Number of protein chains: 4
Amino acid sequence: MTKNFASDNHSGALPEMIKAIQGVNVGHVHAYGGDEYTQNSVKKFKSFFGSGVDVHFVFNGTAANVLSIKAFLKPYEAVLCAETSHLNMDECGAPEALTGCKLRLLPSADGKIKISDLDKQYIRLGDQHYSQPKMISITQPTEYGTVYTVEEMKAIGKWAKDHNMFFHVDGARFSNAAVSLGKTLKEISADVGVDVLSFGGTKNGLLMGEAVVFFNTKFAKDFKFYRKQLMQLGSKTRFVAAQFEEYFSNDLWKKTAEHSLKMAKLLRSQLSEIPKVEITQKTESNAVFAKFPKEWVKPLKDKYFFYVWDENTFEVRLMTTFDTTEEQVMDFTNTARELSKK
Amino acid sequence: MTKNFASDNHSGALPEMIKAIQGVNVGHVHAYGGDEYTQNSVKKFKSFFGSGVDVHFVFNGTAANVLSIKAFLKPYEAVLCAETSHLNMDECGAPEALTGCKLRLLPSADGKIKISDLDKQYIRLGDQHYSQPKMISITQPTEYGTVYTVEEMKAIGKWAKDHNMFFHVDGARFSNAAVSLGKTLKEISADVGVDVLSFGGTKNGLLMGEAVVFFNTKFAKDFKFYRKQLMQLGSKTRFVAAQFEEYFSNDLWKKTAEHSLKMAKLLRSQLSEIPKVEITQKTESNAVFAKFPKEWVKPLKDKYFFYVWDENTFEVRLMTTFDTTEEQVMDFTNTARELSKK
Amino acid sequence: MTKNFASDNHSGALPEMIKAIQGVNVGHVHAYGGDEYTQNSVKKFKSFFGSGVDVHFVFNGTAANVLSIKAFLKPYEAVLCAETSHLNMDECGAPEALTGCKLRLLPSADGKIKISDLDKQYIRLGDQHYSQPKMISITQPTEYGTVYTVEEMKAIGKWAKDHNMFFHVDGARFSNAAVSLGKTLKEISADVGVDVLSFGGTKNGLLMGEAVVFFNTKFAKDFKFYRKQLMQLGSKTRFVAAQFEEYFSNDLWKKTAEHSLKMAKLLRSQLSEIPKVEITQKTESNAVFAKFPKEWVKPLKDKYFFYVWDENTFEVRLMTTFDTTEEQVMDFTNTARELSKK
Amino acid sequence: MTKNFASDNHSGALPEMIKAIQGVNVGHVHAYGGDEYTQNSVKKFKSFFGSGVDVHFVFNGTAANVLSIKAFLKPYEAVLCAETSHLNMDECGAPEALTGCKLRLLPSADGKIKISDLDKQYIRLGDQHYSQPKMISITQPTEYGTVYTVEEMKAIGKWAKDHNMFFHVDGARFSNAAVSLGKTLKEISADVGVDVLSFGGTKNGLLMGEAVVFFNTKFAKDFKFYRKQLMQLGSKTRFVAAQFEEYFSNDLWKKTAEHSLKMAKLLRSQLSEIPKVEITQKTESNAVFAKFPKEWVKPLKDKYFFYVWDENTFEVRLMTTFDTTEEQVMDFTNTARELSKK
């Protein structure tokens, strides 16, 4: 299939990743993270997130999220999150099934949550009939491509602390948020009071692999057991570790994020000039949400596959990735332009 | 670290695997198994296991085992398996925690189970206080490197059918069993009545990746949901699929198994000539179990790392892999020989 | 404590229940439901709900609800229910933790759900990332004391069937709904397409005990194992069975429901005459929801304890029970009347 | 059915229990343990077990055991217990399914475990692949009617402390052990280092109801949430509480235990005189285990129902209860005597 706008996991891997894997494919090393490559990779994480963090690799994003909850909460506690969150919409009930915790959903039109809605969910403390609110989970950037500002994250971090709750960030595309905000990774995690971060690799050009980054390391101590029991312990860890090490070398993480962000902005600006196209969300990371006439969907999708996000409103989601090209964007939008003239 | 005898997952990946990954790293394709590479890989499986099988990829061996149980059993049912099985000894309670099922353990000195012990566990049917026996799980080759004969597998398969139970095989090193027995993969799975097989990739030279192969496909229909909920759905599936396709091409699966088996036999024959060395298990796959004087452990381990299997008896396990060399075997056994002369 | 308006489980047991228990306290009988008393009690259920039902006793209402889900759904399926439901608000996450299923919440102002909201949740069928909608659960009467009409129940039952979903009713106070509607128990369960009913005993005058009534008995066959594994199998079953048998004898179930309904209507009519009192929900069963000035709460509560339902709006819930007296209602409302004059 | 020797839950309730229930069936009180009756009952427990204990009521014995584990262990930890234990043999996998913890089984011929076997299971600490041993659970009296001596209990308590593990006792018939040993309840619980005790009511004459008694109260603080989520919170708590209060009044607990013990000793002494009868276990509580000719089973069972314990060896279990009579014992043994003469 040609390149498309479907998802950042329709793309393959950065060529650098293949090289990284090849580079560590020498001799025997300890399995299950006991190897030097893993240790080196963790060091890289520390240089970006702060020397105090604990880092653990897992296979996919659902696992990073679920294990973050597992590490901090007891089964009778609850996570407050947006009704639009990946946790709630795309993990087939894994969070509840594997932690026993309840998700309490906050309304959201743009993927973000509001402090005032957190307040409303801070209820029935000590009441044994009610799952006790204990963690806030946000997605940064959100599922709608919007990005919390540093101030918004700080406010949530402060609210969490003030209410004795933990702060989790689902950062499947976290690098994109940092680049979009012009901040370091640390400035939008450790520095705003995040306790634990699901840091994505797969959607950013790795073959596979995610990291759980603990800032509140007290809760990391049992993690290896939880990870094993939830079947997320890989044996040949070096192959994931090496990819992350490469990703954090030579500004690769930043360059790829910058590129996909640039492509998204181009896509947006081109689309916004086309009659009958309505942009429905801010474009702050690598996603453009838009509505256009229903009859455009098929011809456009045939050319560059993408997903209809809401089957009732025919809102579509267009994702750019590290390998989206300007030509692709122009070709796609030109096709839309042609359709608008019919 | 130099090569060692610790485990087949201390080794890296077959060079062919890196090439396979590189080969499919082109353009965008559907994620989550909806791509052509995955379909081609599944075709390869069908050519080896029979055209009727259903095949699903997961991340690791624990997951392949647990999801096999999940697909067939209800939470109040039980799996009969050897007390020495990986399921029981090395999965940190994942089988019970994630399926609700109970493991009922059969005694085993060599990793195998006996029909007479199955008979003893076939009790209390219909008794609501007792987890109902419903699946037999064996490891082939076993954790002790022994291999069930075709007749032994057939007998278990028949017993399972006669007692209305399912037959699961943990085949983390299944290729080694086939090669050891001089049989095709189908002859020791479909043809002996296996319902579902955990077919290992990681321990045989893949970077990572295992397959769950359903022969009794009726129970495969919900598998995709169970896999997702148990967090074993990878998005860029092509990178695992391509490795399996390569593994099944040009007899690679067979050649690598033959090699590690040959190295194990050499290791065994060399060791058995050395005074004070006692070989403790048959060498039917790529593991040699042996006892030697306690004071040999450190010097030998320093040279070629391996694991002490039983800390009370000082029995050790020596694993060979696709990249074990004759020189390595000779050097190791020569060192042992020297020690025996002191 | 004197009688109050807090909850139907603040009341004790009907005197008939003590007698029933005493009556079966003779000799030895089989435990775990294998006794004649249990069989007789089940026969009573059949005479009220239809001869084809399967009936199983459990300890409490949460268990009746959770086991109803467990019997019908797989862990990757979802229950559609009102956001106000007991399932969602008062079971400390038990439904999700013990079944793995997700609750998908429908908005509700009066405790009821709407067909149009069911339609909106009937999405993403076959999508492995999304818990598949498979059961509708309503509470009858609702947590707000409102009662679905027979037509409303029928419409939900039909929608369920049309969409290949199951229909569960949380009937902790089901008798009250039947009496309120002037219908038999069967007319608002079997006859409207209910698959499984949590039929309450505790809130209607039993010491303890609930029944799970299966109309779709195909899914009852594993129930005894699920009940045991979820720790709801009582040994001396006769003591629960005898209570239900008594409850269904001499119209006791009907008389007690009629009484508490009558008391609720009296309470409502008295309250509605008092200035500054706002009745906030229909009074169709044994609950009256109302708002009155915040400063009335303490003096009224001191006299007759009750619960503030919504701490933001100061809406209160007043429950009547089988032993609420006219004097109590008049005394309470007179106190309110006095307060209104200050 | 006439009285039998099947189980202490084939018997009904002590008449005192009915009276106790009747006595508290007055007016309205707080539900869910917030009532005075519950507080009074807890005081009684404190007077017998020590003023520092925490006591919580649950519905049945499986729940008391499972919740004891839940309160102390994390899902990746393991319980060491006898292979013959109720936990392992009669709870349909509830312990594993509801806590995620693994049971590691110790061999046992008489229901007791040995320190030397604990030593063998104290392995692989810190190894993420292995459920970490963290609790010892014994049954006192055991499922075979044998009783640990105070010294044996002390040794286990000390071993637990020395190895940083918790000590649980399944005491479904705990009173019988105390009486058999001539000790107070505290002397065989708090004083020997028990952390948590499942204290049985149902098998000792209550209608239903068990108590979880925490000596190590640090782990009791979340209990109310775990109990609610695992569906063991009863609303009209007074009816269980009142029974326990009565049970601890006027030496009722002791008298009933003495009686059933006396009946068991009589049964044993009578049986042991009969040719062809072999007594297979010590009779230290209210159970007699014996073997006799297979053809005796039917005629004896027809007269006084009991269970064949082991279908291979035809060993039978004969339980006495608070209402077993001397006549019943003599009639039963006379029948056996007659059979022995044929």
# chains A, B, ... in the order shown; residues from 1 in each chain; ligands from 1

call {"tool": "residues_around", "arguments": {"residues": "Gly52 of chain B", "least_positions_apart": "6", "cutoff": "9 Å", "atoms": "only C-alpha atoms", "output": "list in words"}}
result
Lys46, Phe214, Phe215, Asn216 and Thr217 of chain B

call {"tool": "write_last_selection", "arguments": {"atoms": "N, CA, C and O atoms", "output": "short mmCIF file (atom, residue, chain, number, x, y, z; two decimals), in the first residue's frame"}}
result
data_model
loop_
_atom_site.label_atom_id
_atom_site.label_comp_id
_atom_site.auth_asym_id
_atom_site.auth_seq_id
_atom_site.Cartn_x
_atom_site.Cartn_y
_atom_site.Cartn_z
N LYS B 46 0.16 -22.41 7.36
CA LYS B 46 -0.78 -23.41 6.86
C LYS B 46 -0.05 -24.49 6.07
O LYS B 46 -0.43 -25.66 6.09
N PHE B 214 -4.20 -22.56 16.15
CA PHE B 214 -5.42 -23.30 16.50
C PHE B 214 -5.66 -24.41 15.47
O PHE B 214 -5.81 -24.12 14.28
N PHE B 215 -5.76 -25.64 15.95
CA PHE B 215 -6.20 -26.74 15.10
C PHE B 215 -7.71 -26.90 15.27
O PHE B 215 -8.42 -27.21 14.34
N ASN B 216 -8.16 -26.69 16.47
CA ASN B 216 -9.59 -26.70 16.78
C ASN B 216 -10.06 -25.26 16.65
O ASN B 216 -10.09 -24.50 17.62
N THR B 217 -10.41 -24.89 15.43
CA THR B 217 -10.59 -23.45 15.13
C THR B 217 -11.89 -22.87 15.67
O THR B 217 -12.05 -21.66 15.69
#

call {"tool": "interface_residues", "arguments": {"of": "chain B", "to": "chain D", "cutoff": "9 Å", "atoms": "only C-alpha atoms", "output": "ChimeraX atom specification"}}
result
/B:75-78,88-94,96-102,128-132

call {"tool": "write_last_selection", "arguments": {"atoms": "N, CA and C atoms", "output": "CSV table (one decimal), in the first residue's frame"}}
result
chain,number,residue,atom,x,y,z
B,75,PRO,N,-13.5,-19.7,33.4
B,75,PRO,CA,-12.7,-19.5,34.6
B,75,PRO,C,-12.7,-20.6,35.7
B,76,TYR,N,-13.8,-21.4,35.6
B,76,TYR,CA,-13.9,-22.4,36.7
B,76,TYR,C,-13.4,-23.7,36.2
B,77,GLU,N,-12.7,-23.7,35.1
B,77,GLU,CA,-12.1,-25.0,34.7
B,77,GLU,C,-10.6,-25.0,35.0
B,78,ALA,N,-10.0,-26.2,34.8
B,78,ALA,CA,-8.6,-26.4,35.2
B,78,ALA,C,-7.8,-27.0,34.1
B,88,ASN,N,3.6,-23.4,35.2
B,88,ASN,CA,3.6,-23.4,36.7
B,88,ASN,C,4.8,-22.7,37.3
B,89,MET,N,5.9,-22.8,36.7
B,89,MET,CA,7.1,-22.3,37.4
B,89,MET,C,7.7,-21.0,37.0
B,90,ASP,N,7.3,-20.5,35.8
B,90,ASP,CA,8.0,-19.3,35.3
B,90,ASP,C,7.1,-18.2,34.7
B,91,GLU,N,5.8,-18.2,35.1
B,91,GLU,CA,4.9,-17.2,34.5
B,91,GLU,C,4.3,-16.3,35.6
B,92,CYS,N,4.9,-16.4,36.7
B,92,CYS,CA,4.5,-15.4,37.8
B,92,CYS,C,3.0,-15.4,38.1
B,93,GLY,N,2.4,-16.6,37.9
B,93,GLY,CA,0.9,-16.6,38.2
B,93,GLY,C,0.0,-16.1,37.1
B,94,ALA,N,0.6,-15.7,36.0
B,94,ALA,CA,-0.2,-15.2,34.9
B,94,ALA,C,-1.4,-16.1,34.5
B,96,GLU,N,-3.2,-18.3,36.1
B,96,GLU,CA,-4.3,-18.2,37.0
B,96,GLU,C,-4.9,-16.8,37.1
B,97,ALA,N,-4.0,-15.8,37.2
B,97,ALA,CA,-4.5,-14.5,37.4
B,97,ALA,C,-5.3,-14.0,36.2
B,98,LEU,N,-5.0,-14.4,35.0
B,98,LEU,CA,-5.6,-13.8,33.8
B,98,LEU,C,-6.7,-14.7,33.2
B,99,THR,N,-6.7,-15.9,33.6
B,99,THR,CA,-7.8,-16.8,33.1
B,99,THR,C,-8.8,-17.2,34.2
B,100,GLY,N,-8.3,-17.1,35.5
B,100,GLY,CA,-9.2,-17.6,36.6
B,100,GLY,C,-9.1,-19.1,36.7
B,101,CYS,N,-8.5,-19.8,35.8
B,101,CYS,CA,-8.4,-21.2,35.8
B,101,CYS,C,-7.3,-21.7,36.8
B,102,LYS,N,-7.5,-22.9,37.2
B,102,LYS,CA,-6.6,-23.5,38.1
B,102,LYS,C,-5.6,-24.4,37.4
B,128,GLN,N,-19.5,-28.4,42.0
B,128,GLN,CA,-19.3,-27.0,41.9
B,128,GLN,C,-18.2,-26.4,42.7
B,129,HIS,N,-17.7,-27.2,43.7
B,129,HIS,CA,-16.6,-26.7,44.6
B,129,HIS,C,-15.2,-26.9,44.0
B,130,TYR,N,-15.2,-27.6,42.8
B,130,TYR,CA,-13.9,-28.0,42.3
B,130,TYR,C,-13.7,-27.6,40.9
B,131,SER,N,-12.7,-26.9,40.6
B,131,SER,CA,-12.3,-26.4,39.3
B,131,SER,C,-12.3,-27.7,38.3
B,132,GLN,N,-13.1,-27.6,37.3
B,132,GLN,CA,-13.4,-28.8,36.5
B,132,GLN,C,-12.2,-29.0,35.5

call {"tool": "residues_around", "arguments": {"residues": "segment 329-334 of chain C", "least_positions_apart": "4", "cutoff": "9 Å", "atoms": "only C-alpha atoms", "output": "ChimeraX atom specification"}}
result
/C:263-264,266-267,270-271,274,300,303-304,324-325,338-339

call {"tool": "select_by_dssp", "arguments": {"residues": "segment 25-119 of chain D", "states": "alpha helix (DSSP H)", "output": "number ranges by chain"}}
result
D: 36-49, 61-72, 86-89, 94-99, 115-119

call {"tool": "write_last_selection", "arguments": {"atoms": "C-alpha atoms", "output": "mmCIF file, in the first residue's frame"}}
result
data_model
loop_
_atom_site.group_PDB
_atom_site.id
_atom_site.type_symbol
_atom_site.label_atom_id
_atom_site.label_comp_id
_atom_site.auth_asym_id
_atom_site.auth_seq_id
_atom_site.Cartn_x
_atom_site.Cartn_y
_atom_site.Cartn_z
ATOM 1 C CA GLU D 36 -24.690 -0.900 67.536
ATOM 2 C CA TYR D 37 -25.277 -4.634 67.285
ATOM 3 C CA THR D 38 -22.274 -5.000 65.072
ATOM 4 C CA GLN D 39 -20.172 -2.949 67.449
ATOM 5 C CA ASN D 40 -21.240 -5.069 70.386
ATOM 6 C CA SER D 41 -20.442 -8.232 68.524
ATOM 7 C CA VAL D 42 -16.994 -6.933 67.669
ATOM 8 C CA LYS D 43 -16.451 -6.210 71.366
ATOM 9 C CA LYS D 44 -17.145 -9.854 72.127
ATOM 10 C CA PHE D 45 -14.519 -10.865 69.597
ATOM 11 C CA LYS D 46 -12.049 -8.529 71.288
ATOM 12 C CA SER D 47 -12.720 -10.115 74.626
ATOM 13 C CA PHE D 48 -11.799 -13.501 73.212
ATOM 14 C CA PHE D 49 -9.046 -12.636 70.766
ATOM 15 C CA GLY D 61 -15.747 -19.466 54.457
ATOM 16 C CA THR D 62 -14.348 -19.254 50.965
ATOM 17 C CA ALA D 63 -14.790 -15.496 51.168
ATOM 18 C CA ALA D 64 -13.099 -15.271 54.559
ATOM 19 C CA ASN D 65 -10.092 -17.115 53.165
ATOM 20 C CA VAL D 66 -9.886 -15.250 49.882
ATOM 21 C CA LEU D 67 -10.328 -11.849 51.482
ATOM 22 C CA SER D 68 -7.628 -12.693 54.012
ATOM 23 C CA ILE D 69 -5.243 -13.263 51.131
ATOM 24 C CA LYS D 70 -6.463 -10.182 49.283
ATOM 25 C CA ALA D 71 -5.803 -7.985 52.306
ATOM 26 C CA PHE D 72 -2.180 -9.041 52.671
ATOM 27 C CA HIS D 86 -9.925 -26.263 51.470
ATOM 28 C CA LEU D 87 -8.260 -23.337 49.687
ATOM 29 C CA ASN D 88 -6.881 -25.715 47.106
ATOM 30 C CA MET D 89 -9.530 -28.404 46.914
ATOM 31 C CA ALA D 94 -11.589 -18.531 43.816
ATOM 32 C CA PRO D 95 -8.301 -17.789 45.591
ATOM 33 C CA GLU D 96 -6.319 -17.572 42.375
ATOM 34 C CA ALA D 97 -9.074 -16.028 40.276
ATOM 35 C CA LEU D 98 -9.898 -13.272 42.758
ATOM 36 C CA THR D 99 -6.479 -12.412 44.139
ATOM 37 C CA ILE D 115 8.436 -26.648 58.394
ATOM 38 C CA SER D 116 10.847 -28.621 56.230
ATOM 39 C CA ASP D 117 8.430 -28.298 53.324
ATOM 40 C CA LEU D 118 8.094 -24.580 53.901
ATOM 41 C CA ASP D 119 11.867 -24.362 53.628
#

call {"tool": "select_by_dssp", "arguments": {"residues": "segment 107-175 of chain A", "states": "strand (DSSP E)", "output": "ChimeraX atom specification"}}
result
/A:132-139,166-171

call {"tool": "residues_around", "arguments": {"residues": "segment 15-22 of chain A", "least_positions_apart": "4", "cutoff": "8 Å", "atoms": "only C-alpha atoms", "output": "MDAnalysis selection string"}}
result
(chainID A and resid 205:207 239 242:243 246:247) or (chainID B and resid 18 21:22)

call {"tool": "write_last_selection", "arguments": {"atoms": "C-alpha atoms", "output": "PDB file, in the first residue's frame"}}
result
ATOM      1  CA  GLY A 205       8.986   5.216  14.151  1.00  0.00           C
ATOM      2  CA  LEU A 206      10.028   2.225  16.217  1.00  0.00           C
ATOM      3  CA  LEU A 207       9.135  -1.255  15.051  1.00  0.00           C
ATOM      4  CA  PHE A 239      16.106  -5.048  20.523  1.00  0.00           C
ATOM      5  CA  ALA A 242      18.493  -0.201  21.127  1.00  0.00           C
ATOM      6  CA  GLN A 243      15.659   1.413  19.230  1.00  0.00           C
ATOM      7  CA  GLU A 246      18.747   5.447  18.696  1.00  0.00           C
ATOM      8  CA  TYR A 247      15.535   7.437  18.889  1.00  0.00           C
TER       9      TYR A 247
ATOM     10  CA  ILE B  18      17.044  -8.522  10.319  1.00  0.00           C
ATOM     11  CA  ILE B  21      12.369  -6.900   8.754  1.00  0.00           C
ATOM     12  CA  GLN B  22      14.226  -4.619   6.410  1.00  0.00           C
TER      13      GLN B  22
END

call {"tool": "residues_around", "arguments": {"residues": "segment 189-195 of chain B", "least_positions_apart": "5", "cutoff": "9 Å", "atoms": "only C-alpha atoms", "output": "list of chain:residue names"}}
result
B:Phe49, B:Gly50, B:Val53, B:Val150, B:Glu151, B:Met153, B:Lys154, B:Ala155, B:Ile156, B:Gly157, B:Lys158, B:Ala160, B:Lys161, B:Phe166, B:Phe167, B:His168, B:Val169, B:Thr184, B:Val213, B:Phe214, B:Phe215, B:Asn216, B:Thr217
